[in-house]
file work_6.cif (mmCIF, C-alpha atoms)
data_structure
loop_
_atom_site.label_atom_id
_atom_site.label_comp_id
_atom_site.auth_asym_id
_atom_site.auth_seq_id
_atom_site.Cartn_x
_atom_site.Cartn_y
_atom_site.Cartn_z
CA MET X 8 -4.45 11.68 10.93
CA GLU X 9 -6.67 13.98 8.85
CA THR X 10 -3.89 16.58 8.54
CA GLU X 11 -1.44 13.90 7.43
CA ILE X 12 -3.89 12.53 4.84
CA ASN X 13 -4.30 16.02 3.41
CA SER X 14 -0.53 16.53 3.11
CA GLN X 15 0.01 13.60 0.74
CA ALA X 16 -0.48 15.39 -2.59
CA THR X 17 2.42 17.77 -1.86
CA ILE X 18 4.70 15.03 -0.48
CA ILE X 19 4.18 12.83 -3.54
CA GLU X 20 4.63 15.73 -5.95
CA ASN X 21 7.97 16.48 -4.26
CA LEU X 22 9.10 12.85 -4.69
CA ILE X 23 8.16 12.86 -8.37
CA ASN X 24 9.96 16.15 -9.03
CA ARG X 25 13.05 14.97 -7.16
CA TYR X 26 13.51 11.71 -9.05
CA ILE X 27 11.84 12.15 -12.46
CA ILE X 28 13.56 14.74 -14.66
CA ASN X 29 12.20 15.11 -18.20
CA TYR X 30 10.43 11.74 -17.80
CA CYS X 31 13.72 10.04 -16.93
CA VAL X 32 14.26 8.48 -13.48
CA LEU X 33 17.51 9.58 -11.83
CA MET X 34 18.57 7.59 -8.75
CA ASP X 35 21.33 5.26 -7.59
CA ILE X 36 20.42 1.57 -7.54
CA PRO X 37 22.35 -1.56 -8.64
CA ILE X 38 22.55 -1.91 -12.43
CA GLU X 39 22.09 -5.69 -12.44
CA ILE X 40 19.25 -7.04 -10.27
CA LYS X 41 18.27 -10.70 -10.77
CA ARG X 42 15.78 -10.91 -7.90
CA ILE X 43 14.30 -8.67 -5.22
CA SER X 44 13.35 -9.61 -1.67
CA ILE X 45 11.22 -7.06 0.20
CA ILE X 46 11.27 -7.27 4.00
CA ALA X 47 8.97 -5.22 6.25
CA SER X 48 6.27 -5.22 8.93
CA GLY X 49 2.79 -3.72 9.40
CA SER X 50 1.76 -1.09 6.85
CA SER X 51 5.25 -1.26 5.35
CA TYR X 52 4.62 -4.92 4.52
CA ASN X 53 1.44 -3.89 2.66
CA ALA X 54 3.46 -1.28 0.76
CA GLY X 55 5.90 -4.09 -0.05
CA VAL X 56 3.13 -6.11 -1.70
CA PHE X 57 2.53 -3.10 -3.94
CA GLY X 58 6.29 -3.15 -4.59
CA LYS X 59 6.14 -6.80 -5.69
CA TYR X 60 3.48 -5.84 -8.24
CA PHE X 61 5.61 -2.92 -9.52
CA PHE X 62 8.87 -4.87 -9.82
CA GLU X 63 7.30 -7.86 -11.52
CA ASN X 64 5.00 -5.93 -13.89
CA ILE X 65 7.15 -2.90 -14.71
CA SER X 66 10.73 -4.20 -14.34
CA ASN X 67 10.20 -7.94 -15.00
CA ILE X 68 12.13 -8.81 -11.82
CA PRO X 69 10.95 -11.79 -9.69
CA THR X 70 10.09 -10.43 -6.24
CA SER X 71 9.14 -11.87 -2.87
CA VAL X 72 7.73 -10.12 0.20
CA ASP X 73 8.39 -11.37 3.74
CA PHE X 74 7.58 -10.25 7.25
CA ALA X 75 10.74 -9.14 9.05
CA SER X 76 9.78 -11.12 12.15
CA GLU X 77 9.54 -14.34 10.11
CA LEU X 78 12.99 -13.80 8.60
CA ILE X 79 14.52 -13.27 12.05
CA GLY X 80 13.15 -16.59 13.29
CA SER X 81 14.13 -18.51 10.17
CA LYS X 82 17.29 -20.64 10.10
CA PHE X 83 17.82 -19.65 6.47
CA ASN X 84 21.03 -17.63 6.09
CA ASN X 85 21.91 -18.20 2.43
CA PHE X 86 21.37 -14.63 1.23
CA ASP X 87 22.87 -14.29 -2.24
CA CYS X 88 24.61 -11.40 -3.96
CA GLU X 89 22.35 -11.49 -7.03
CA THR X 90 19.31 -10.54 -4.95
CA LEU X 91 18.63 -6.98 -3.80
CA TYR X 92 17.16 -7.01 -0.28
CA VAL X 93 14.77 -4.08 0.16
CA PHE X 94 13.87 -3.04 3.72
CA LEU X 95 10.89 -0.81 4.46
CA SER X 96 10.29 1.05 7.72
CA GLN X 97 8.81 4.51 8.17
CA SER X 98 10.85 5.07 11.33
CA GLY X 99 13.91 3.12 10.18
CA LEU X 100 13.98 1.84 13.77
CA SER X 101 11.42 -0.98 13.72
CA VAL X 102 13.01 -3.63 15.93
CA ASP X 103 12.26 -6.69 13.80
CA THR X 104 13.14 -4.97 10.51
CA VAL X 105 16.47 -3.70 11.91
CA GLU X 106 17.34 -7.20 13.16
CA ALA X 107 16.41 -8.70 9.79
CA MET X 108 18.70 -6.25 8.00
CA LYS X 109 21.58 -7.12 10.35
CA LYS X 110 21.06 -10.81 9.54
CA VAL X 111 21.14 -10.17 5.77
CA LYS X 112 24.20 -7.91 6.00
CA GLU X 113 26.18 -10.70 7.68
CA SER X 114 26.11 -12.44 4.28
CA ASN X 115 27.40 -9.32 2.49
CA ALA X 116 24.28 -9.24 0.32
CA LYS X 117 23.15 -5.91 -1.20
CA THR X 118 20.67 -3.97 0.93
CA LEU X 119 18.40 -1.04 0.17
CA CYS X 120 16.17 0.81 2.61
CA ILE X 121 13.24 3.19 2.26
CA THR X 122 12.53 5.21 5.38
CA ASN X 123 11.25 8.52 6.70
CA ASN X 124 14.17 8.93 9.12
CA LEU X 125 17.60 10.08 7.97
CA HIS X 126 19.09 9.40 11.40
CA SER X 127 17.84 5.83 11.78
CA THR X 128 19.69 2.56 12.20
CA MET X 129 18.45 1.22 8.89
CA TYR X 130 19.40 4.33 6.93
CA SER X 131 22.96 4.21 8.24
CA MET X 132 23.32 0.45 7.61
CA ALA X 133 21.93 0.13 4.07
CA ASP X 134 24.08 0.05 0.93
CA TYR X 135 21.43 2.02 -0.99
CA ARG X 136 19.10 4.37 0.88
CA PHE X 137 16.05 6.43 0.07
CA TYR X 138 14.48 9.08 2.27
CA ILE X 139 10.78 9.71 1.59
CA GLU X 140 10.87 13.12 3.33
CA ALA X 141 7.25 12.99 4.48
CA GLY X 142 7.78 14.90 7.73
CA LEU X 143 7.02 13.67 11.24
CA GLU X 144 3.99 11.37 11.33
CA ASN X 145 2.17 11.90 14.62
CA ALA X 146 -0.78 9.56 14.09
CA ILE X 147 -0.15 5.90 14.95
CA ALA X 148 -1.91 4.69 11.79
CA ALA X 149 0.48 5.31 8.87
CA THR X 150 -0.97 7.45 6.05
CA LYS X 151 1.47 9.82 4.35
CA THR X 152 4.46 7.55 5.00
CA PHE X 153 2.55 4.62 3.50
CA SER X 154 1.68 6.39 0.24
CA ALA X 155 5.18 7.90 -0.02
CA THR X 156 6.75 4.44 0.43
CA VAL X 157 4.48 3.01 -2.29
CA VAL X 158 5.47 5.82 -4.67
CA MET X 159 9.17 5.33 -3.86
CA LEU X 160 8.90 1.61 -4.66
CA TRP X 161 7.24 2.55 -7.96
CA LEU X 162 10.09 4.98 -8.73
CA ILE X 163 12.73 2.32 -8.01
CA ALA X 164 10.83 -0.15 -10.21
CA LEU X 165 10.85 2.45 -13.02
CA LYS X 166 14.60 2.95 -12.61
CA ALA X 167 15.21 -0.81 -12.68
CA ALA X 168 13.12 -1.02 -15.87
CA GLN X 169 15.03 1.89 -17.37
CA ASN X 170 18.31 0.07 -16.63
CA LYS X 171 16.96 -2.87 -18.64
CA HIS X 172 15.94 -0.57 -21.52
CA ILE X 173 12.23 -1.18 -20.90
CA ASP X 174 9.94 1.61 -22.13
CA ILE X 175 8.41 3.41 -19.09
CA SER X 176 6.56 6.15 -20.99
CA GLU X 177 3.12 4.65 -20.26
CA GLU X 178 3.88 4.62 -16.53
CA THR X 179 5.05 8.25 -16.46
CA LYS X 180 2.25 9.61 -18.64
CA GLU X 181 0.87 12.89 -17.21
CA ILE X 182 3.04 12.36 -14.14
CA TYR X 183 3.70 16.05 -13.46
CA SER X 184 0.01 16.71 -12.86
CA ILE X 185 -0.14 14.19 -9.99
CA LYS X 186 -0.70 16.76 -7.22
CA LYS X 187 -3.67 18.29 -9.04
CA ASN X 188 -5.06 14.79 -9.73
CA ILE X 189 -4.84 13.77 -6.06
CA GLU X 190 -6.34 17.00 -4.71
CA PHE X 191 -9.21 16.84 -7.21
CA ALA X 192 -9.93 13.20 -6.28
CA MET X 193 -10.00 14.01 -2.56
CA LYS X 194 -12.62 16.72 -3.13
CA ASN X 195 -14.79 14.62 -5.44
CA LEU X 196 -15.84 11.44 -3.66
CA ASP X 197 -19.35 10.02 -3.94
CA ASN X 198 -20.94 8.15 -1.03
CA LEU X 199 -18.00 8.33 1.43
CA GLU X 200 -20.35 9.38 4.24
CA LEU X 201 -22.85 6.62 3.42
CA CYS X 202 -20.10 3.97 3.34
CA ALA X 203 -18.64 5.12 6.67
CA ARG X 204 -22.04 5.15 8.33
CA THR X 205 -22.91 1.70 6.99
CA LEU X 206 -19.61 0.05 7.99
CA SER X 207 -19.45 1.74 11.40
CA LYS X 208 -22.54 -0.23 12.46
CA LEU X 209 -20.91 -3.63 11.83
CA ASP X 210 -18.84 -5.91 14.08
CA GLY X 211 -16.82 -7.15 11.11
CA PHE X 212 -16.65 -7.46 7.33
CA ALA X 213 -14.44 -8.79 4.53
CA VAL X 214 -12.27 -6.78 2.12
CA PHE X 215 -10.92 -8.28 -1.09
CA GLY X 216 -9.06 -7.16 -4.21
CA TYR X 217 -7.34 -8.59 -7.28
CA GLY X 218 -3.78 -7.97 -8.50
CA MET X 219 -2.47 -4.63 -7.29
CA TYR X 220 -5.71 -4.11 -5.38
CA TYR X 221 -4.94 -6.96 -2.99
CA PRO X 222 -2.37 -4.84 -1.07
CA LEU X 223 -5.00 -2.10 -1.07
CA ALA X 224 -7.40 -4.56 0.59
CA LEU X 225 -4.70 -5.47 3.13
CA GLU X 226 -4.11 -1.81 3.97
CA ALA X 227 -7.83 -0.99 4.13
CA ALA X 228 -8.45 -3.86 6.56
CA LEU X 229 -5.44 -2.85 8.70
CA LYS X 230 -6.40 0.85 8.83
CA ILE X 231 -9.97 0.08 9.87
CA ARG X 232 -8.83 -2.41 12.52
CA GLU X 233 -6.26 0.06 13.88
CA THR X 234 -8.56 3.06 14.10
CA SER X 235 -12.04 1.59 14.69
CA TYR X 236 -11.32 -1.87 16.20
CA ILE X 237 -13.73 -3.49 13.72
CA ASN X 238 -12.79 -7.05 12.80
CA THR X 239 -11.85 -6.68 9.13
CA SER X 240 -10.06 -9.36 7.08
CA ALA X 241 -8.45 -9.02 3.63
CA TYR X 242 -8.23 -11.63 0.88
CA PRO X 243 -7.07 -11.82 -2.75
CA SER X 244 -10.22 -11.95 -4.89
CA GLY X 245 -9.21 -15.23 -6.55
CA GLU X 246 -8.58 -16.94 -3.22
CA PHE X 247 -11.78 -15.60 -1.75
CA VAL X 248 -13.78 -18.13 -3.76
CA HIS X 249 -11.81 -21.04 -2.23
CA GLY X 250 -13.64 -21.35 1.06
CA HIS X 251 -13.53 -17.76 2.32
CA PHE X 252 -16.95 -17.20 0.74
CA ALA X 253 -18.31 -18.95 3.81
CA LEU X 254 -17.55 -15.78 5.79
CA LEU X 255 -20.41 -14.07 3.98
CA ASN X 256 -22.83 -16.41 5.73
CA LYS X 257 -22.00 -14.53 8.93
CA THR X 258 -20.84 -11.05 7.93
CA LYS X 259 -23.31 -8.39 6.80
CA ALA X 260 -21.10 -6.56 4.31
CA PHE X 261 -18.01 -6.71 2.14
CA LEU X 262 -15.79 -4.10 0.49
CA THR X 263 -13.98 -4.59 -2.81
CA PHE X 264 -12.24 -2.63 -5.58
CA LEU X 265 -12.96 -2.50 -9.31
CA THR X 266 -11.65 0.06 -11.78
CA GLU X 267 -12.11 0.83 -15.44
CA ASP X 268 -9.30 -1.65 -16.17
CA ALA X 269 -10.99 -4.54 -14.33
CA SER X 270 -10.70 -7.92 -16.03
CA GLU X 271 -13.60 -10.22 -16.86
CA TYR X 272 -12.26 -12.53 -14.15
CA GLU X 273 -12.63 -9.83 -11.47
CA LEU X 274 -16.13 -8.94 -12.64
CA ASN X 275 -17.18 -12.60 -12.57
CA ILE X 276 -16.00 -12.98 -8.96
CA LEU X 277 -18.08 -9.98 -7.91
CA LYS X 278 -21.10 -11.28 -9.81
CA LYS X 279 -20.75 -14.67 -8.10
CA VAL X 280 -20.61 -13.06 -4.65
CA LEU X 281 -23.60 -10.81 -5.36
CA ARG X 282 -25.60 -13.73 -6.79
CA THR X 283 -24.89 -16.09 -3.90
CA TYR X 284 -24.96 -13.93 -0.76
CA LYS X 285 -27.14 -11.24 0.73
CA ALA X 286 -24.30 -9.32 2.39
CA LYS X 287 -24.34 -5.58 1.69
CA SER X 288 -21.86 -4.83 -1.09
CA ILE X 289 -19.61 -1.77 -1.32
CA VAL X 290 -17.48 -1.28 -4.44
CA VAL X 291 -14.73 1.35 -4.67
CA SER X 292 -14.36 2.37 -8.32
CA ASP X 293 -13.22 5.13 -10.66
CA VAL X 294 -16.22 4.74 -12.98
CA TYR X 295 -19.98 4.96 -12.64
CA GLU X 296 -20.63 1.32 -13.48
CA ASP X 297 -23.67 -0.81 -12.84
CA TYR X 298 -22.04 -3.47 -10.69
CA ASP X 299 -25.42 -4.23 -9.03
CA CYS X 300 -23.75 -3.36 -5.72
CA ASP X 301 -25.53 -1.66 -2.81
CA ILE X 302 -23.11 1.28 -2.52
CA LEU X 303 -20.66 2.60 -5.12
CA LEU X 304 -17.85 4.61 -3.52
CA LYS X 305 -16.80 6.59 -6.58
CA PHE X 306 -13.49 8.47 -6.88
CA GLN X 307 -12.02 10.41 -9.79
CA LYS X 308 -9.75 8.45 -12.13
CA GLY X 309 -6.15 9.70 -12.07
CA ALA X 310 -4.38 10.86 -15.23
CA SER X 311 -1.53 8.38 -14.58
CA LYS X 312 -1.41 4.81 -13.26
CA ILE X 313 0.38 5.77 -10.05
CA SER X 314 -2.03 8.66 -9.50
CA ASN X 315 -4.94 6.22 -9.63
CA ILE X 316 -3.26 3.97 -7.07
CA VAL X 317 -2.59 6.90 -4.73
CA ASN X 318 -6.18 8.10 -5.16
CA MET X 319 -7.46 4.69 -4.04
CA ILE X 320 -5.05 4.63 -1.08
CA ILE X 321 -6.40 8.00 0.06
CA VAL X 322 -10.00 6.82 -0.39
CA ILE X 323 -9.45 3.94 2.04
CA GLN X 324 -7.64 6.26 4.48
CA LEU X 325 -10.53 8.73 4.43
CA LEU X 326 -13.01 5.87 4.82
CA SER X 327 -11.09 4.55 7.85
CA LEU X 328 -10.94 8.02 9.36
CA ASN X 329 -14.66 8.62 8.93
CA ILE X 330 -15.65 5.24 10.34
CA ALA X 331 -13.52 5.93 13.42
CA LYS X 332 -15.05 9.41 13.79
CA LYS X 333 -18.55 7.96 13.79
CA LEU X 334 -17.52 5.53 16.53
CA ARG X 335 -15.86 8.36 18.50
CA ARG X 336 -12.51 6.56 18.65
CA ASN X 337 -9.26 8.19 19.73
CA ILE X 338 -8.06 8.09 16.13
CA ASP X 339 -4.50 9.38 16.56
CA LYS X 340 -3.76 7.15 19.55
CA PRO X 341 -5.67 3.87 19.20
CA GLN X 342 -5.92 1.65 22.26
CA GLY X 343 -2.97 -0.67 22.79
CA LEU X 344 -0.99 0.53 19.76
CA SER X 345 2.34 2.31 19.52
CA LYS X 346 5.14 2.54 17.00
CA VAL X 347 7.55 -0.28 17.90
CA VAL X 348 11.05 1.06 17.45
CA ASP X 349 14.63 0.43 18.49
CA ASN X 350 15.30 3.39 20.75
CA LYS X 351 19.03 2.67 20.55
CA GLY X 352 18.88 3.57 16.85
#

call {"tool": "encode", "arguments": {"input": "work_6.cif", "output": "structure tokens"}}
result
Amino acid sequence: METEINSQATIIENLINRYIINYCVLMDIPIEIKRISIIASGSSYNAGVFGKYFFENISNIPTSVDFASELIGSKFNNFDCETLYVFLSQSGLSVDTVEAMKKVKESNAKTLCITNNLHSTMYSMADYRFYIEAGLENAIAATKTFSATVVMLWLIALKAAQNKHIDISEETKEIYSIKKNIEFAMKNLDNLELCARTLSKLDGFAVFGYGMYYPLALEAALKIRETSYINTSAYPSGEFVHGHFALLNKTKAFLTFLTEDASEYELNILKKVLRTYKAKSIVVSDVYEDYDCDILLKFQKGASKISNIVNMIIVIQLLSLNIAKKLRRNIDKPQGLSKVVDNKG
């Protein structure tokens, strides 16, 4: 897992250089996209929630995200030709995602897949296909394939925006320095050891985030559950105030995300939590800010928007890894977990 975390800067740089030429995105996707439906499972689902944020905020395309298993069990079969159905699976062989794609293709709707396997069922079935080229991922907990999938969704959102003549210059600002940004951030983290030690002593805690940091909260909670078996739950910050606050009567800590671009709304939620509960607070941020939290897990701000997102993804991966190390878990092969794939693929 540690080796795969450390390989991400190079993998992402390769994706950027392959698809962005002179700040222009070159790839084959449908010209007219009215809606997008993202379908995935596990970490890929969390990447899909990032995708929803990208498509709606960069490309102005309404987007939904669904679990593949839920789509299989649904009686709904009215898949329309104006929607692009995007399937995510690192292996391209995930049983429920493959079955969901077969169901959509029966309606002759347009399908696109993002995968790390050129020889997979999904890659061969899709109308549009993208290979993240991250190399074999040996650890059960997805790291490099997760970040590469997120970046690929961002690239597709940029291309869709470009097709609609939307200016993407702000998104691609300083994009060619992304590898240097990521590597610098990985070497300059404050309080990672303290955070890992603190969280490793707990039976459970809450993770929450607002906007694009909600999928980060989902992925952080999943990674920690997968590798350390600690009962972690993720919530959107806004929803956390509607009853979920009660969890802090029982849990001893919470983890959240705030960056330089945080809104007043986000700051007010954190202030309300800190004012009301005595749970230990850990804030992951790219600035030295007086949030009145107990521990500030500080990382270096990226030169581009996508670099900052990747930096935060890697922070939560390194945090998960270090918590698991302190608990002496079998990190690469967690108990009871395996990659669920269609071996016929």

call {"tool": "closest_residue", "arguments": {"input": "work_6.cif", "among": "X:Lys180, X:Gly216, X:Pro37, X:Ala107", "to": "X:Ala269", "atoms": "only C-alpha atoms"}}
result
X:Gly216

call {"tool": "residues_near_point", "arguments": {"input": "work_6.cif", "point": "(-1.9, -4.7, -3.5)", "cutoff": "9 Å", "atoms": "all atoms listed in the file", "output": "list in words"}}
result
Asn53, Ala54, Gly55, Val56, Phe57, Gly58, Lys59, Tyr60, Gly216, Tyr217, Gly218, Met219, Tyr220, Tyr221, Pro222, Leu223, Ala224, Leu225, Glu226 and Pro243 of chain X

call {"tool": "closest_residue", "arguments": {"input": "work_6.cif", "among": "X:Gln307, X:Thr128, X:Thr152, X:Thr104", "to": "X:Ile46", "atoms": "only C-alpha atoms"}}
result
X:Thr104

call {"tool": "residues_around", "arguments": {"input": "work_6.cif", "residues": "X:Ser292", "least_positions_apart": "4", "cutoff": "7 Å", "atoms": "only C-alpha atoms", "output": "short mmCIF file (atom, residue, chain, number, x, y, z; two decimals) with C-alpha atoms, in the coordinates of the input"}}
result
data_model
loop_
_atom_site.label_atom_id
_atom_site.label_comp_id
_atom_site.auth_asym_id
_atom_site.auth_seq_id
_atom_site.Cartn_x
_atom_site.Cartn_y
_atom_site.Cartn_z
CA PHE X 264 -12.24 -2.63 -5.58
CA LEU X 265 -12.96 -2.50 -9.31
CA THR X 266 -11.65 0.06 -11.78
CA LEU X 304 -17.85 4.61 -3.52
CA LYS X 305 -16.80 6.59 -6.58
CA PHE X 306 -13.49 8.47 -6.88
#

call {"tool": "closest_residue", "arguments": {"input": "work_6.cif", "among": "X:Ile68, X:Leu229, X:Ala16, X:Ile173", "to": "X:Lys187", "atoms": "all atoms listed in the file"}}
result
X:Ala16

call {"tool": "atom_distance", "arguments": {"input": "work_6.cif", "atom1": "atom CA of X:Gln97", "atom2": "atom CA of X:Phe137"}}
result
11.0 Å

call {"tool": "atom_distance", "arguments": {"input": "work_6.cif", "atom1": "atom CA of X:Ala227", "atom2": "atom CA of X:Leu326"}}
result
8.6 Å

call {"tool": "resolve_selection", "arguments": {"input": "work_6.cif", "expression": "the PyMOL selection byres ((chain X and resi 124) around 8)", "output": "PyMOL selection string"}}
result
chain X and resi 97-99+122-123+125-127+130+138+140

call {"tool": "residues_near_point", "arguments": {"input": "work_6.cif", "point": "(-5.4, 7.1, 7.3)", "cutoff": "10 Å", "atoms": "all atoms listed in the file", "output": "PyMOL selection string"}}
result
chain X and resi 8-13+146-151+153+226-227+230-231+233-234+320-329+338-339

call {"tool": "resolve_selection", "arguments": {"input": "work_6.cif", "expression": "the PyMOL selection byres ((chain X and resi 30) around 12)", "output": "list in words"}}
result
Ile23, Asn24, Arg25, Tyr26, Ile27, Ile28, Asn29, Cys31, Val32, Leu33, Leu162, Leu165, Lys166, Gln169, Asp174, Ile175, Ser176, Glu177, Glu178, Thr179, Lys180, Glu181, Ile182 and Tyr183 of chain X

call {"tool": "closest_residue", "arguments": {"input": "work_6.cif", "among": "X:Met108, X:Met319, X:Val93, X:Leu262", "to": "X:Ala164", "atoms": "only C-alpha atoms"}}
result
X:Val93

call {"tool": "closest_residue", "arguments": {"input": "work_6.cif", "among": "X:Thr205, X:Ser76, X:Thr156, X:Ser114", "to": "X:Leu22", "atoms": "all atoms listed in the file"}}
result
X:Thr156

call {"tool": "closest_residue", "arguments": {"input": "work_6.cif", "among": "X:Ile79, X:Ile139, X:Ile19, X:Ile163", "to": "X:Ser66", "atoms": "all atoms listed in the file"}}
result
X:Ile163

call {"tool": "residues_around", "arguments": {"input": "work_6.cif", "residues": "X:Glu190", "least_positions_apart": "2", "cutoff": "10 Å", "atoms": "all atoms listed in the file", "output": "short mmCIF file (atom, residue, chain, number, x, y, z; two decimals) with C-alpha atoms, in the frame of the given file"}}
result
data_model
loop_
_atom_site.label_atom_id
_atom_site.label_comp_id
_atom_site.auth_asym_id
_atom_site.auth_seq_id
_atom_site.Cartn_x
_atom_site.Cartn_y
_atom_site.Cartn_z
CA ASN X 13 -4.30 16.02 3.41
CA SER X 14 -0.53 16.53 3.11
CA GLN X 15 0.01 13.60 0.74
CA ALA X 16 -0.48 15.39 -2.59
CA THR X 17 2.42 17.77 -1.86
CA ILE X 185 -0.14 14.19 -9.99
CA LYS X 186 -0.70 16.76 -7.22
CA LYS X 187 -3.67 18.29 -9.04
CA ASN X 188 -5.06 14.79 -9.73
CA ALA X 192 -9.93 13.20 -6.28
CA MET X 193 -10.00 14.01 -2.56
CA LYS X 194 -12.62 16.72 -3.13
CA ASN X 195 -14.79 14.62 -5.44
CA ASN X 318 -6.18 8.10 -5.16
#

call {"tool": "atom_distance", "arguments": {"input": "work_6.cif", "atom1": "atom CA of X:Gly245", "atom2": "atom CA of X:Thr283"}}
result
15.9 Å

call {"tool": "axis_aligned_box", "arguments": {"input": "work_6.cif", "around": "stretch 333-342 of chain X", "padding_each_side": "8 Å", "output": "AutoDock Vina command-line options"}}
result
--center_x -11.2 --center_y 5.5 --center_z 18.0 --size_x 30.8 --size_y 23.7 --size_z 24.5

call {"tool": "residues_around", "arguments": {"input": "work_6.cif", "residues": "X:Cys120", "least_positions_apart": "4", "cutoff": "8 Å", "atoms": "all atoms listed in the file", "output": "number ranges by chain"}}
result
X: 93-96, 129-130, 133, 135-137

call {"tool": "residues_around", "arguments": {"input": "work_6.cif", "residues": "X:Lys279", "least_positions_apart": "4", "cutoff": "12 Å", "atoms": "all atoms listed in the file", "output": "PDB file with C-alpha atoms, keeping the file's coordinate frame"}}
result
ATOM      1  CA  SER X 244     -10.220 -11.950  -4.890  1.00  0.00           C
ATOM      2  CA  GLY X 245      -9.210 -15.230  -6.550  1.00  0.00           C
ATOM      3  CA  PHE X 247     -11.780 -15.600  -1.750  1.00  0.00           C
ATOM      4  CA  VAL X 248     -13.780 -18.130  -3.760  1.00  0.00           C
ATOM      5  CA  PHE X 252     -16.950 -17.200   0.740  1.00  0.00           C
ATOM      6  CA  TYR X 272     -12.260 -12.530 -14.150  1.00  0.00           C
ATOM      7  CA  GLU X 273     -12.630  -9.830 -11.470  1.00  0.00           C
ATOM      8  CA  LEU X 274     -16.130  -8.940 -12.640  1.00  0.00           C
ATOM      9  CA  ASN X 275     -17.180 -12.600 -12.570  1.00  0.00           C
ATOM     10  CA  THR X 283     -24.890 -16.090  -3.900  1.00  0.00           C
ATOM     11  CA  TYR X 284     -24.960 -13.930  -0.760  1.00  0.00           C
ATOM     12  CA  LYS X 285     -27.140 -11.240   0.730  1.00  0.00           C
ATOM     13  CA  TYR X 298     -22.040  -3.470 -10.690  1.00  0.00           C
ATOM     14  CA  ASP X 299     -25.420  -4.230  -9.030  1.00  0.00           C
ATOM     15  CA  CYS X 300     -23.750  -3.360  -5.720  1.00  0.00           C
TER      16      CYS X 300
END

call {"tool": "build_atoms", "arguments": {"input": "work_6.cif", "residues": "stretch 72-83 of chain X", "atoms": "N, CA and C atoms", "output": "compact mmCIF listing (two decimals), in the frame of the given file"}}
result
# COMPACT_ATOMS: atom_id res chain seq x y z
N VAL X 72 7.97 -11.03 -0.93
CA VAL X 72 7.73 -10.12 0.20
C VAL X 72 7.62 -10.97 1.46
N ASP X 73 8.39 -10.61 2.49
CA ASP X 73 8.39 -11.37 3.74
C ASP X 73 8.26 -10.45 4.94
N PHE X 74 7.62 -10.98 5.98
CA PHE X 74 7.58 -10.25 7.25
C PHE X 74 8.96 -10.31 7.90
N ALA X 75 9.42 -9.19 8.41
CA ALA X 75 10.74 -9.14 9.05
C ALA X 75 10.83 -10.13 10.21
N SER X 76 9.76 -10.23 10.99
CA SER X 76 9.78 -11.12 12.15
C SER X 76 9.95 -12.58 11.75
N GLU X 77 9.40 -12.97 10.59
CA GLU X 77 9.54 -14.34 10.11
C GLU X 77 10.98 -14.60 9.66
N LEU X 78 11.61 -13.61 9.05
CA LEU X 78 12.99 -13.80 8.60
C LEU X 78 13.93 -13.95 9.79
N ILE X 79 13.67 -13.18 10.85
CA ILE X 79 14.52 -13.27 12.05
C ILE X 79 14.49 -14.69 12.63
N GLY X 80 13.30 -15.27 12.69
CA GLY X 80 13.15 -16.59 13.29
C GLY X 80 13.56 -17.73 12.40
N SER X 81 13.77 -17.45 11.12
CA SER X 81 14.13 -18.51 10.17
C SER X 81 15.61 -18.90 10.32
N LYS X 82 15.90 -20.17 10.07
CA LYS X 82 17.29 -20.64 10.10
C LYS X 82 18.00 -20.38 8.77
N PHE X 83 17.25 -19.91 7.79
CA PHE X 83 17.82 -19.65 6.47
C PHE X 83 18.81 -18.47 6.54
